[in-house]
$ cat run.cif   # mmCIF, C-alpha atoms and all ligand atoms
data_target
#
loop_
_atom_site.label_atom_id
_atom_site.label_comp_id
_atom_site.auth_asym_id
_atom_site.auth_seq_id
_atom_site.Cartn_x
_atom_site.Cartn_y
_atom_site.Cartn_z
CA MET A 1 -16.58 30.87 -1.56
CA LEU A 2 -17.85 27.65 -3.09
CA LEU A 3 -15.13 25.04 -2.79
CA LYS A 4 -14.31 22.76 -5.72
CA THR A 5 -15.21 19.10 -5.22
CA VAL A 6 -12.60 16.35 -5.21
CA CYS A 7 -13.92 12.82 -5.10
CA THR A 8 -11.49 10.37 -3.48
CA ILE A 9 -11.94 6.67 -4.18
CA VAL A 10 -10.37 4.08 -1.86
CA GLY A 11 -11.15 0.48 -0.98
CA ALA A 12 -8.14 -1.46 0.24
CA ARG A 13 -5.97 -1.28 3.33
CA PRO A 14 -2.95 0.63 1.94
CA GLN A 15 -5.24 3.23 0.37
CA PHE A 16 -6.71 4.27 3.70
CA ILE A 17 -3.17 4.93 4.96
CA LYS A 18 -2.23 6.94 1.85
CA ALA A 19 -5.47 8.95 1.69
CA ALA A 20 -5.36 10.09 5.32
CA PRO A 21 -2.58 12.73 4.99
CA VAL A 22 -3.96 13.94 1.65
CA SER A 23 -7.47 14.37 3.10
CA ARG A 24 -5.97 16.39 5.92
CA ALA A 25 -4.16 18.61 3.39
CA LEU A 26 -7.29 19.07 1.25
CA VAL A 27 -9.66 19.94 4.06
CA ASN A 28 -9.38 23.74 3.90
CA SER A 29 -9.20 24.17 0.14
CA PHE A 30 -11.60 21.57 -1.25
CA HIS A 31 -14.88 19.85 -0.60
CA GLU A 32 -13.74 16.22 -0.49
CA VAL A 33 -16.21 13.38 -0.99
CA LEU A 34 -14.93 9.96 0.04
CA ILE A 35 -16.06 6.75 -1.66
CA HIS A 36 -15.08 3.41 -0.03
CA THR A 37 -15.63 0.57 -2.49
CA GLY A 38 -15.70 -2.08 0.24
CA GLN A 39 -12.94 -4.16 -1.43
CA HIS A 40 -11.56 -4.66 2.08
CA TYR A 41 -14.35 -5.08 4.59
CA ASP A 42 -13.10 -6.89 7.71
CA TYR A 43 -12.75 -4.67 10.78
CA GLY A 44 -9.00 -5.32 10.89
CA MET A 45 -8.57 -4.59 7.18
CA SER A 46 -10.64 -1.40 7.03
CA ASP A 47 -12.41 0.21 10.05
CA VAL A 48 -9.38 0.11 12.32
CA PHE A 49 -7.48 2.39 9.91
CA PHE A 50 -10.29 4.96 9.81
CA GLN A 51 -10.33 5.00 13.62
CA GLU A 52 -6.58 5.20 14.16
CA MET A 53 -6.01 7.89 11.58
CA GLU A 54 -9.12 9.76 12.66
CA MET A 55 -10.54 9.80 9.15
CA ARG A 56 -14.14 10.78 8.84
CA PRO A 57 -16.37 7.91 7.72
CA PRO A 58 -16.81 7.53 3.95
CA ASP A 59 -19.65 9.49 2.32
CA TYR A 60 -20.46 6.40 0.26
CA HIS A 61 -19.72 2.78 1.10
CA LEU A 62 -20.28 0.50 -1.88
CA GLY A 63 -20.00 -2.80 -0.01
CA VAL A 64 -18.58 -4.58 -3.04
CA GLY A 65 -16.60 -7.21 -1.11
CA SER A 66 -14.76 -10.16 -2.62
CA GLY A 67 -15.11 -11.65 -6.07
CA THR A 68 -13.21 -12.38 -9.25
CA HIS A 69 -11.31 -9.42 -10.68
CA GLY A 70 -13.95 -8.73 -13.32
CA GLU A 71 -16.83 -9.09 -10.91
CA GLN A 72 -15.22 -6.92 -8.23
CA THR A 73 -14.08 -4.20 -10.64
CA GLY A 74 -17.36 -4.28 -12.60
CA LYS A 75 -19.54 -3.90 -9.51
CA MET A 76 -17.45 -0.94 -8.40
CA LEU A 77 -17.60 0.67 -11.83
CA VAL A 78 -21.41 0.57 -12.01
CA GLN A 79 -21.82 2.16 -8.59
CA ILE A 80 -19.04 4.75 -8.93
CA GLU A 81 -20.49 5.93 -12.25
CA LYS A 82 -23.87 6.56 -10.60
CA ILE A 83 -22.29 8.57 -7.79
CA LEU A 84 -20.09 10.61 -10.14
CA THR A 85 -23.13 11.34 -12.33
CA SER A 86 -24.97 12.99 -9.46
CA LEU A 87 -21.92 14.47 -7.75
CA LYS A 88 -20.22 15.99 -10.81
CA PRO A 89 -16.88 16.43 -9.03
CA ASN A 90 -14.15 18.67 -10.44
CA TYR A 91 -11.52 15.97 -9.95
CA VAL A 92 -11.35 12.30 -9.06
CA LEU A 93 -8.43 11.11 -6.94
CA VAL A 94 -7.30 7.48 -6.88
CA TYR A 95 -4.42 5.76 -5.10
CA GLY A 96 -2.01 2.96 -5.88
CA ASP A 97 -2.79 -0.13 -7.88
CA THR A 98 -5.80 -2.05 -6.63
CA ASN A 99 -9.02 -3.00 -8.37
CA SER A 100 -10.59 0.00 -6.59
CA THR A 101 -7.99 2.23 -8.28
CA LEU A 102 -8.82 0.89 -11.72
CA ALA A 103 -12.59 1.06 -11.22
CA GLY A 104 -12.36 4.69 -10.08
CA ALA A 105 -10.04 5.57 -12.95
CA LEU A 106 -12.24 3.97 -15.60
CA ALA A 107 -15.42 5.56 -14.27
CA ALA A 108 -13.83 9.02 -14.25
CA ALA A 109 -12.14 8.66 -17.64
CA LYS A 110 -15.29 7.43 -19.39
CA MET A 111 -17.20 10.39 -17.96
CA GLN A 112 -14.39 12.77 -18.89
CA ILE A 113 -13.88 13.88 -15.33
CA PRO A 114 -10.23 14.82 -14.77
CA LEU A 115 -8.39 12.12 -12.88
CA ALA A 116 -5.40 12.35 -10.55
CA HIS A 117 -3.36 9.26 -9.65
CA VAL A 118 -1.36 9.23 -6.44
CA GLU A 119 1.57 6.79 -6.65
CA ALA A 120 1.74 7.05 -10.44
CA GLY A 121 4.51 5.55 -12.55
CA LEU A 122 5.33 2.52 -10.44
CA ARG A 123 6.18 -0.57 -12.49
CA SER A 124 7.19 -4.14 -11.73
CA PHE A 125 7.31 -4.94 -15.47
CA ASN A 126 5.45 -8.13 -14.61
CA ARG A 127 2.09 -8.14 -16.36
CA ALA A 128 1.08 -11.32 -14.55
CA MET A 129 0.45 -9.14 -11.49
CA PRO A 130 -3.08 -7.74 -11.38
CA GLU A 131 -1.61 -4.63 -9.77
CA GLU A 132 0.62 -3.96 -12.80
CA ILE A 133 -2.39 -3.96 -15.13
CA ASN A 134 -4.21 -1.61 -12.78
CA ARG A 135 -1.23 0.77 -12.61
CA VAL A 136 -0.55 0.95 -16.33
CA LEU A 137 -4.20 1.51 -17.27
CA THR A 138 -4.77 4.10 -14.56
CA ASP A 139 -1.67 6.09 -15.50
CA HIS A 140 -2.69 6.20 -19.14
CA VAL A 141 -6.06 7.82 -18.39
CA SER A 142 -4.84 10.23 -15.69
CA ARG A 143 -4.47 13.95 -16.20
CA LEU A 144 -2.36 14.50 -13.09
CA LEU A 145 0.24 11.89 -12.19
CA PHE A 146 1.73 12.24 -8.73
CA CYS A 147 4.97 10.24 -8.69
CA PRO A 148 6.74 9.28 -5.47
CA THR A 149 10.18 8.67 -7.01
CA ASN A 150 12.46 9.58 -9.91
CA ALA A 151 12.20 6.01 -11.20
CA ALA A 152 8.43 6.46 -11.47
CA VAL A 153 8.84 9.66 -13.52
CA GLU A 154 11.26 7.85 -15.84
CA ASN A 155 8.90 4.88 -16.25
CA LEU A 156 6.12 7.21 -17.37
CA SER A 157 8.41 9.05 -19.75
CA LYS A 158 9.35 5.73 -21.41
CA GLU A 159 5.64 5.14 -22.00
CA GLY A 160 5.29 8.60 -23.55
CA ILE A 161 3.63 10.22 -20.54
CA THR A 162 5.29 13.51 -19.69
CA LYS A 163 2.38 15.95 -19.33
CA GLY A 164 0.82 16.39 -15.90
CA VAL A 165 3.65 14.42 -14.24
CA HIS A 166 4.81 15.72 -10.86
CA ARG A 167 7.39 14.20 -8.58
CA VAL A 168 5.84 15.08 -5.23
CA GLY A 169 7.46 12.49 -2.94
CA ASP A 170 5.65 9.65 -1.26
CA VAL A 171 2.49 10.22 0.77
CA MET A 172 3.40 7.10 2.76
CA TYR A 173 6.35 9.01 4.16
CA ASP A 174 3.96 11.79 5.23
CA ALA A 175 1.78 9.11 6.82
CA LEU A 176 4.71 7.49 8.58
CA LEU A 177 5.91 10.76 10.09
CA GLN A 178 2.41 11.52 11.36
CA ASN A 179 1.57 8.03 12.61
CA LEU A 180 4.86 6.87 14.13
CA VAL A 181 4.69 9.42 16.94
CA LEU A 182 1.17 8.29 17.84
CA ALA A 183 2.04 4.62 17.38
CA ARG A 184 4.93 4.86 19.87
CA LYS A 185 2.53 6.33 22.43
CA ARG A 186 -0.44 4.07 21.84
CA SER A 187 0.65 0.65 20.61
CA THR A 188 1.01 -2.08 23.21
CA ILE A 189 1.76 -4.81 20.68
CA LEU A 190 5.32 -5.59 21.82
CA ARG A 191 4.18 -6.10 25.39
CA SER A 192 1.13 -8.14 24.47
CA LEU A 193 3.21 -10.45 22.25
CA GLY A 194 6.12 -10.55 24.71
CA LEU A 195 8.63 -9.21 22.18
CA ARG A 196 11.79 -7.16 22.60
CA LYS A 197 13.50 -4.89 20.07
CA GLY A 198 15.55 -6.95 17.61
CA SER A 199 14.41 -10.29 19.04
CA TYR A 200 12.17 -11.27 16.13
CA ALA A 201 11.59 -11.03 12.39
CA LEU A 202 8.34 -9.72 10.93
CA ALA A 203 6.73 -11.42 7.92
CA THR A 204 3.73 -10.52 5.75
CA ILE A 205 2.52 -12.18 2.56
CA HIS A 206 -0.52 -11.31 0.50
CA ARG A 207 0.39 -11.02 -3.20
CA ALA A 208 -1.72 -13.29 -5.36
CA GLY A 209 1.47 -14.41 -7.14
CA ASN A 210 2.61 -15.96 -3.84
CA THR A 211 -0.61 -16.91 -2.05
CA ASP A 212 -2.36 -18.47 -5.02
CA ASP A 213 0.58 -20.68 -5.98
CA PRO A 214 0.81 -23.60 -3.49
CA SER A 215 4.44 -24.38 -4.37
CA ARG A 216 5.53 -20.77 -3.74
CA MET A 217 3.47 -20.58 -0.55
CA ALA A 218 4.98 -23.87 0.69
CA ALA A 219 8.50 -22.61 -0.13
CA ILE A 220 7.86 -19.39 1.82
CA MET A 221 6.50 -21.22 4.87
CA GLU A 222 9.46 -23.60 4.81
CA ALA A 223 11.96 -20.75 4.51
CA LEU A 224 10.34 -18.79 7.36
CA GLY A 225 10.33 -21.97 9.44
CA SER A 226 14.07 -22.45 8.92
CA ILE A 227 15.07 -18.97 10.11
CA THR A 228 16.76 -19.02 13.50
CA THR A 229 14.48 -16.56 15.22
CA THR A 230 10.84 -15.97 16.08
CA VAL A 231 8.89 -14.90 13.00
CA VAL A 232 5.83 -12.77 13.81
CA PHE A 233 3.42 -13.16 10.91
CA PRO A 234 0.18 -11.09 10.79
CA VAL A 235 -1.86 -13.07 8.30
CA HIS A 236 -3.88 -11.39 5.53
CA PRO A 237 -7.29 -13.10 5.03
CA ARG A 238 -6.30 -14.32 1.55
CA THR A 239 -3.14 -15.88 2.96
CA ARG A 240 -4.93 -17.52 5.89
CA LYS A 241 -7.35 -19.17 3.50
CA MET A 242 -4.47 -20.56 1.44
CA ILE A 243 -2.51 -21.81 4.46
CA GLN A 244 -5.66 -23.60 5.70
CA GLU A 245 -6.40 -25.10 2.29
CA MET A 246 -2.84 -26.33 1.87
CA ASP A 247 -3.04 -27.93 5.30
CA THR A 248 0.66 -27.18 5.64
CA SER A 249 2.43 -27.57 8.97
CA VAL A 250 3.54 -24.30 10.52
CA ALA A 251 7.00 -24.43 12.14
CA THR A 252 7.16 -23.62 15.85
CA ASN A 253 9.17 -20.40 15.40
CA ILE A 254 6.36 -18.87 13.30
CA ARG A 255 3.71 -16.96 15.26
CA LEU A 256 0.62 -16.49 13.12
CA ILE A 257 -1.46 -13.56 14.34
CA GLU A 258 -4.51 -11.70 12.99
CA PRO A 259 -3.88 -8.67 10.74
CA VAL A 260 -2.96 -5.70 12.96
CA GLY A 261 -3.79 -2.00 12.76
CA HIS A 262 -1.43 0.61 11.39
CA PHE A 263 0.01 1.71 14.73
CA ASP A 264 0.85 -1.87 15.67
CA ILE A 265 2.42 -2.70 12.32
CA LEU A 266 4.62 0.40 12.53
CA ILE A 267 5.85 -0.62 15.98
CA LEU A 268 6.35 -4.22 14.89
CA GLN A 269 8.37 -2.98 11.92
CA GLU A 270 10.43 -0.44 13.83
CA ASN A 271 11.54 -3.02 16.37
CA ALA A 272 12.08 -6.01 14.08
CA ASP A 273 15.54 -7.36 13.33
CA CYS A 274 14.39 -7.97 9.76
CA ILE A 275 11.24 -7.65 7.66
CA LEU A 276 10.34 -10.39 5.17
CA THR A 277 7.50 -9.34 2.90
CA ASP A 278 5.89 -9.17 -0.50
CA SER A 279 4.15 -5.89 0.39
CA GLY A 280 5.15 -2.76 -1.48
CA GLY A 281 4.38 -0.40 1.36
CA MET A 282 6.39 -2.36 3.89
CA GLN A 283 9.51 -2.33 1.70
CA LYS A 284 9.38 1.47 1.89
CA GLU A 285 8.48 1.60 5.57
CA ALA A 286 11.38 -0.77 6.36
CA TYR A 287 13.72 1.61 4.54
CA LEU A 288 12.34 4.69 6.25
CA LEU A 289 12.63 2.99 9.64
CA GLY A 290 16.17 1.76 8.94
CA VAL A 291 15.27 -1.94 9.15
CA ARG A 292 16.65 -4.48 6.67
CA CYS A 293 14.07 -5.93 4.30
CA ILE A 294 14.10 -9.24 2.44
CA THR A 295 11.51 -9.08 -0.32
CA LEU A 296 9.83 -12.36 -1.17
CA ARG A 297 9.40 -11.51 -4.84
CA GLU A 298 11.64 -11.61 -7.90
CA GLU A 299 11.11 -7.95 -8.73
CA THR A 300 10.05 -4.76 -7.02
CA GLU A 301 8.56 -1.42 -7.95
CA TRP A 302 10.66 0.19 -5.21
CA VAL A 303 14.00 -0.36 -6.95
CA GLU A 304 15.73 2.48 -5.12
CA THR A 305 15.53 0.60 -1.79
CA VAL A 306 17.49 -2.25 -3.41
CA GLN A 307 19.98 0.14 -5.05
CA ALA A 308 20.53 1.87 -1.68
CA GLY A 309 21.44 -1.53 -0.23
CA TRP A 310 18.60 -1.89 2.30
CA ASN A 311 16.34 -4.31 0.42
CA ARG A 312 17.24 -7.73 -0.98
CA LEU A 313 15.11 -9.54 -3.55
CA ALA A 314 15.13 -13.20 -2.55
CA GLY A 315 12.02 -14.51 -4.31
CA VAL A 316 10.93 -17.72 -2.58
CA ASP A 317 14.38 -19.29 -2.70
CA GLY A 318 14.95 -20.82 0.75
CA ASN A 319 18.76 -20.60 0.50
CA ALA A 320 18.71 -16.97 -0.60
CA ILE A 321 16.30 -16.07 2.21
CA ARG A 322 18.32 -17.93 4.89
CA THR A 323 21.66 -16.56 3.68
CA ALA A 324 20.36 -12.98 3.57
CA PHE A 325 18.82 -13.34 7.01
CA ALA A 326 21.96 -14.86 8.57
CA SER A 327 24.71 -12.78 7.02
CA TRP A 328 23.43 -9.57 5.45
CA HIS A 329 23.37 -6.52 7.74
CA PRO A 330 23.17 -3.25 5.81
CA SER A 331 24.47 -0.17 7.55
CA GLY A 332 25.10 2.23 4.67
CA GLU A 333 23.69 5.68 4.06
CA GLN A 334 19.99 6.24 3.67
CA PRO A 335 19.41 8.97 1.08
CA ALA A 336 16.01 10.72 1.21
CA LEU A 337 14.39 8.63 -1.53
CA TYR A 338 10.78 9.50 -0.78
CA GLY A 339 10.75 13.28 -0.52
CA ASN A 340 10.47 15.43 2.58
CA GLY A 341 7.21 14.25 4.13
CA GLN A 342 5.23 17.07 2.49
CA ALA A 343 3.86 15.15 -0.50
CA ALA A 344 0.24 15.65 0.54
CA GLU A 345 0.66 19.44 0.76
CA GLU A 346 2.30 19.45 -2.64
CA ILE A 347 -0.57 17.43 -4.14
CA CYS A 348 -3.05 19.90 -2.68
CA ARG A 349 -1.08 22.85 -4.08
CA ILE A 350 -0.93 21.36 -7.59
CA LEU A 351 -4.65 20.50 -7.55
CA SER A 352 -5.47 24.05 -6.45
CA THR A 353 -3.42 25.51 -9.32
CA GLU A 354 -5.04 23.09 -11.76
CA LEU A 355 -8.55 24.06 -10.65
CA MET A 356 -7.99 27.80 -10.41
C1 LIG B 401 -5.45 -5.95 -2.71
C2 LIG B 401 -4.78 -5.32 -3.93
C3 LIG B 401 -3.29 -5.17 -3.69
C4 LIG B 401 -2.99 -4.54 -2.35
C5 LIG B 401 -3.71 -5.33 -1.26
C6 LIG B 401 -3.46 -4.80 0.13
C7 LIG B 401 -5.94 -5.76 -6.05
C8 LIG B 401 -5.91 -6.52 -7.32
N1 LIG B 401 -5.00 -6.10 -5.13
O1 LIG B 401 -5.08 -7.31 -2.64
O2 LIG B 401 -2.75 -4.37 -4.74
O3 LIG B 401 -1.59 -4.51 -2.12
O4 LIG B 401 -5.09 -5.30 -1.52
O5 LIG B 401 -3.94 -5.71 1.11
O6 LIG B 401 -6.75 -4.88 -5.88
N2 LIG B 401 -10.58 -10.65 2.26
C9 LIG B 401 -11.21 -10.77 3.48
N3 LIG B 401 -11.46 -9.65 4.19
C10 LIG B 401 -11.12 -8.42 3.76
C11 LIG B 401 -10.47 -8.31 2.51
C12 LIG B 401 -10.20 -9.42 1.79
O7 LIG B 401 -11.55 -11.85 3.92
O8 LIG B 401 -11.37 -7.44 4.46
C13 LIG B 401 -10.25 -11.86 1.49
C14 LIG B 401 -11.28 -12.22 0.48
O9 LIG B 401 -11.50 -13.59 0.58
C15 LIG B 401 -10.66 -11.90 -0.87
C16 LIG B 401 -9.18 -11.97 -0.57
O10 LIG B 401 -9.03 -11.66 0.82
O11 LIG B 401 -11.05 -12.76 -1.85
C17 LIG B 401 -8.34 -11.03 -1.36
O12 LIG B 401 -8.86 -9.72 -1.31
P1 LIG B 401 -8.71 -8.73 -2.57
O13 LIG B 401 -9.72 -7.69 -2.44
O14 LIG B 401 -8.58 -9.50 -3.82
O15 LIG B 401 -7.38 -8.02 -2.36
P2 LIG B 401 -5.97 -8.29 -1.74
O16 LIG B 401 -5.42 -9.63 -1.94
O17 LIG B 401 -6.01 -7.77 -0.34
#
$ encode --input "run.cif" --output "structure tokens" --more "lines below"
Ligand code: UD1
Amino acid sequence: MLLKTVCTIVGARPQFIKAAPVSRALVNSFHEVLIHTGQHYDYGMSDVFFQEMEMRPPDYHLGVGSGTHGEQTGKMLVQIEKILTSLKPNYVLVYGDTNSTLAGALAAAKMQIPLAHVEAGLRSFNRAMPEEINRVLTDHVSRLLFCPTNAAVENLSKEGITKGVHRVGDVMYDALLQNLVLARKRSTILRSLGLRKGSYALATIHRAGNTDDPSRMAAIMEALGSITTTVVFPVHPRTRKMIQEMDTSVATNIRLIEPVGHFDILILQENADCILTDSGGMQKEAYLLGVRCITLREETEWVETVQAGWNRLAGVDGNAIRTAFASWHPSGEQPALYGNGQAAEEICRILSTELM
């Protein structure tokens, strides 16, 4: 039997993590072609994830690299269109909210190739975030919208999108269940950094809204420096550049390290006393691992983690961050917000029905 072709487009770190369980679910029912835009290109931002999650190498690597939003997205669009023209896939699959997501979505929509969006319906309601623009536009040209949460389904409904919407759960939960077991066996990060469970906080920052605003970045560094514990801080390349340019002093309790692979970040998260982050994925992983999370933003797409009492929005307010760190210790229930860990299988089932 000739299998239908699904073309998956990824390009940035969190997309490799999300695509891995879906690719595994698709393998027997579809011919999957993988395009890597090259938005993330450092070994530690890209290759390490393919190796750890045993993903096969991309069929196409576009090598787009860094640039302004228009330049980066435009370069991707030109190349993706060429590939889709010759490939003629039955479906295009995109993930999340990056420039790679938008480029893939636009290319498919303009060519009238059906598009599926994994992690549809997420909203921060902050249009100053490039990710918010990418999400809204992608959702409005998608035929299948795979939502991780009820809030996402409701957001789409308020924008008039009700057809093709499926609440499948979160593929990051699938990924976590698969990867945590391996991470516990393979990661040596605690030993190599000399850390014990609960003896440190873990920080990550990469949102443009924080990194590209020197006053916000300075406030974050000051707040992290005033926390009474070791802060392990794997530094995203964008953030490193900004810290260097600002020439800011780094307090002695902050340990800046290179970005780490997925196994190491899971172990660092699982054993942290607290996670301080502006990452979307880590807010969810903190919840799923039962670790308190202080989010260094004013709003979040993952509102249910806040409502459940395990995530606090502190922005870059030093007092709010210090107070939360010192005196807030959630211990309440953890309802299953992100499905049952079978989101990838569900996506595969719905795609199969759609393409019957
Ligand atoms: C992107 C996504 C964001 C996602 C994040 C995960 C957009 C608009 N944003 O932000 O939604 O949460 O990825 O990390 O798509 N750089 C390197 N090496 C790399 C990658 C990046 O040095 O491997 C540097 C480049 O100087 C680049 C900067 O980091 O200019 C930012 O990279 P960019 O591709 O804009 O995305 P992120 O900030 O990572």
$ closest_residue --input "run.cif" --among "A:Ile80, A:Val232, A:Ile205, A:Met53" --to "ligand LIG 401 (chain B)" --atoms "all atoms listed in the file"
A:Ile205
$ residues_near_ligand --input "run.cif" --ligand "ligand LIG 401 (chain B)" --cutoff "10 Å" --atoms "only C-alpha atoms and all ligand atoms" --output "PyMOL selection string"
chain A and resi 11-15+38-47+64-69+72-73+96-103+129-135+205-209+211-212+236-242+259+278-281
$ residues_near_point --input "run.cif" --point "(20.9, 2.1, 6.6)" --cutoff "9 Å" --atoms "only C-alpha atoms" --output "number ranges by chain"
A: 287-292, 308-310, 330-335
$ atom_distance --input "run.cif" --atom1 "CA of Val118 in chain A" --atom2 "CA of Thr37 in chain A"
17.2 Å
$ closest_residue --input "run.cif" --among "A:Gln307, A:Thr204, A:Asn28, A:Asn271" --to "Glu258 in chain A" --atoms "only C-alpha atoms"
A:Thr204
$ atom_distance --input "run.cif" --atom1 "CA of Leu122 in chain A" --atom2 "CA of His140 in chain A"
12.4 Å
$ atom_distance --input "run.cif" --atom1 "CA of Phe50 in chain A" --atom2 "CA of Ile17 in chain A"
8.6 Å
$ residues_around --input "run.cif" --residues "Ile243 in chain A" --least-positions-apart "5" --cutoff "9 Å" --atoms "only C-alpha atoms" --output "list in words"
Thr211, Pro214, Met217, Ala218, Arg238, Thr248, Ser249 and Val250 of chain A
$ residues_around --input "run.cif" --residues "Asn150 in chain A" --least-positions-apart "5" --cutoff "9 Å" --atoms "all atoms listed in the file" --output "mmCIF file with C-alpha atoms, in the frame of the given file"
data_model
loop_
_atom_site.group_PDB
_atom_site.id
_atom_site.type_symbol
_atom_site.label_atom_id
_atom_site.label_comp_id
_atom_site.auth_asym_id
_atom_site.auth_seq_id
_atom_site.Cartn_x
_atom_site.Cartn_y
_atom_site.Cartn_z
ATOM 1 C CA ASN A 155 8.900 4.880 -16.250
ATOM 2 C CA ARG A 167 7.390 14.200 -8.580
ATOM 3 C CA LEU A 337 14.390 8.630 -1.530
#
$ closest_residue --input "run.cif" --among "A:Ile254, A:Val303, A:Met55, A:Ile83" --to "Ser124 in chain A" --atoms "all atoms listed in the file"
A:Val303
$ closest_residue --input "run.cif" --among "A:Arg24, A:Arg312, A:Lys75, A:Lys4" --to "Tyr91 in chain A" --atoms "all atoms listed in the file"
A:Lys4
$ closest_residue --input "run.cif" --among "A:Ala19, A:Leu145, A:Val168, A:Val6" --to "Ile113 in chain A" --atoms "all atoms listed in the file"
A:Val6
$ closest_residue --input "run.cif" --among "A:Ala336, A:Ala183, A:Val22, A:Leu62" --to "Val171 in chain A" --atoms "all atoms listed in the file"
A:Val22
$ residues_around --input "run.cif" --residues "Ala324 in chain A" --least-positions-apart "4" --cutoff "10 Å" --atoms "only C-alpha atoms" --output "list in words"
Cys274, Arg292, Cys293, Ile294, Arg312, Leu313, Ala314, Gly318, Asn319, Ala320, Trp328 and His329 of chain A
$ residues_around --input "run.cif" --residues "Ser192 in chain A" --least-positions-apart "3" --cutoff "12 Å" --atoms "all atoms listed in the file" --output "PyMOL selection string"
chain A and resi 187-189+195-196+257+264+268
$ residues_around --input "run.cif" --residues "Ala219 in chain A" --least-positions-apart "6" --cutoff "10 Å" --atoms "all atoms listed in the file" --output "count of residues only"
6
$ axis_aligned_box --input "run.cif" --around "range 219-234 of chain A" --padding-each-side "4 Å" --output "lines of an AutoDock Vina configuration file"
center_x = 8.5
center_y = -17.3
center_z = 8.0
size_x = 24.6
size_y = 20.5
size_z = 24.2
$ build_atoms --input "run.cif" --residues "range 111-116 of chain A" --atoms "all heavy atoms" --output "PDB file, keeping the file's coordinate frame"
ATOM      1  N   MET A 111     -16.294   9.242 -18.124  1.00  0.00           N
ATOM      2  CA  MET A 111     -17.200  10.390 -17.960  1.00  0.00           C
ATOM      3  C   MET A 111     -16.468  11.703 -18.208  1.00  0.00           C
ATOM      4  O   MET A 111     -17.046  12.770 -17.998  1.00  0.00           O
ATOM      5  CB  MET A 111     -17.788  10.378 -16.553  1.00  0.00           C
ATOM      6  CG  MET A 111     -18.642   9.148 -16.291  1.00  0.00           C
ATOM      7  SD  MET A 111     -19.261   9.160 -14.610  1.00  0.00           S
ATOM      8  CE  MET A 111     -20.416  10.526 -14.718  1.00  0.00           C
ATOM      9  N   GLN A 112     -15.222  11.590 -18.629  1.00  0.00           N
ATOM     10  CA  GLN A 112     -14.390  12.770 -18.890  1.00  0.00           C
ATOM     11  C   GLN A 112     -14.274  13.705 -17.695  1.00  0.00           C
ATOM     12  O   GLN A 112     -14.284  14.931 -17.831  1.00  0.00           O
ATOM     13  CB  GLN A 112     -14.900  13.510 -20.133  1.00  0.00           C
ATOM     14  CG  GLN A 112     -14.907  12.564 -21.309  1.00  0.00           C
ATOM     15  CD  GLN A 112     -15.030  13.267 -22.634  1.00  0.00           C
ATOM     16  OE1 GLN A 112     -14.754  14.441 -22.772  1.00  0.00           O
ATOM     17  NE2 GLN A 112     -15.450  12.515 -23.639  1.00  0.00           N
ATOM     18  N   ILE A 113     -14.182  13.096 -16.537  1.00  0.00           N
ATOM     19  CA  ILE A 113     -13.880  13.880 -15.330  1.00  0.00           C
ATOM     20  C   ILE A 113     -12.378  13.772 -15.118  1.00  0.00           C
ATOM     21  O   ILE A 113     -11.831  12.657 -15.155  1.00  0.00           O
ATOM     22  CB  ILE A 113     -14.637  13.307 -14.103  1.00  0.00           C
ATOM     23  CG1 ILE A 113     -16.148  13.328 -14.350  1.00  0.00           C
ATOM     24  CG2 ILE A 113     -14.274  14.078 -12.837  1.00  0.00           C
ATOM     25  CD1 ILE A 113     -16.943  12.538 -13.334  1.00  0.00           C
ATOM     26  N   PRO A 114     -11.686  14.894 -14.934  1.00  0.00           N
ATOM     27  CA  PRO A 114     -10.230  14.820 -14.770  1.00  0.00           C
ATOM     28  C   PRO A 114      -9.849  13.901 -13.602  1.00  0.00           C
ATOM     29  O   PRO A 114     -10.498  13.923 -12.544  1.00  0.00           O
ATOM     30  CB  PRO A 114      -9.823  16.262 -14.489  1.00  0.00           C
ATOM     31  CG  PRO A 114     -10.977  17.110 -14.849  1.00  0.00           C
ATOM     32  CD  PRO A 114     -12.206  16.263 -14.835  1.00  0.00           C
ATOM     33  N   LEU A 115      -8.803  13.139 -13.843  1.00  0.00           N
ATOM     34  CA  LEU A 115      -8.390  12.120 -12.880  1.00  0.00           C
ATOM     35  C   LEU A 115      -6.966  12.389 -12.406  1.00  0.00           C
ATOM     36  O   LEU A 115      -6.083  12.690 -13.217  1.00  0.00           O
ATOM     37  CB  LEU A 115      -8.438  10.750 -13.579  1.00  0.00           C
ATOM     38  CG  LEU A 115      -7.934   9.546 -12.803  1.00  0.00           C
ATOM     39  CD1 LEU A 115      -8.911   9.174 -11.683  1.00  0.00           C
ATOM     40  CD2 LEU A 115      -7.737   8.340 -13.730  1.00  0.00           C
ATOM     41  N   ALA A 116      -6.751  12.242 -11.105  1.00  0.00           N
ATOM     42  CA  ALA A 116      -5.400  12.350 -10.550  1.00  0.00           C
ATOM     43  C   ALA A 116      -5.030  11.013  -9.913  1.00  0.00           C
ATOM     44  O   ALA A 116      -5.840  10.417  -9.195  1.00  0.00           O
ATOM     45  CB  ALA A 116      -5.343  13.461  -9.510  1.00  0.00           C
TER      46      ALA A 116
END
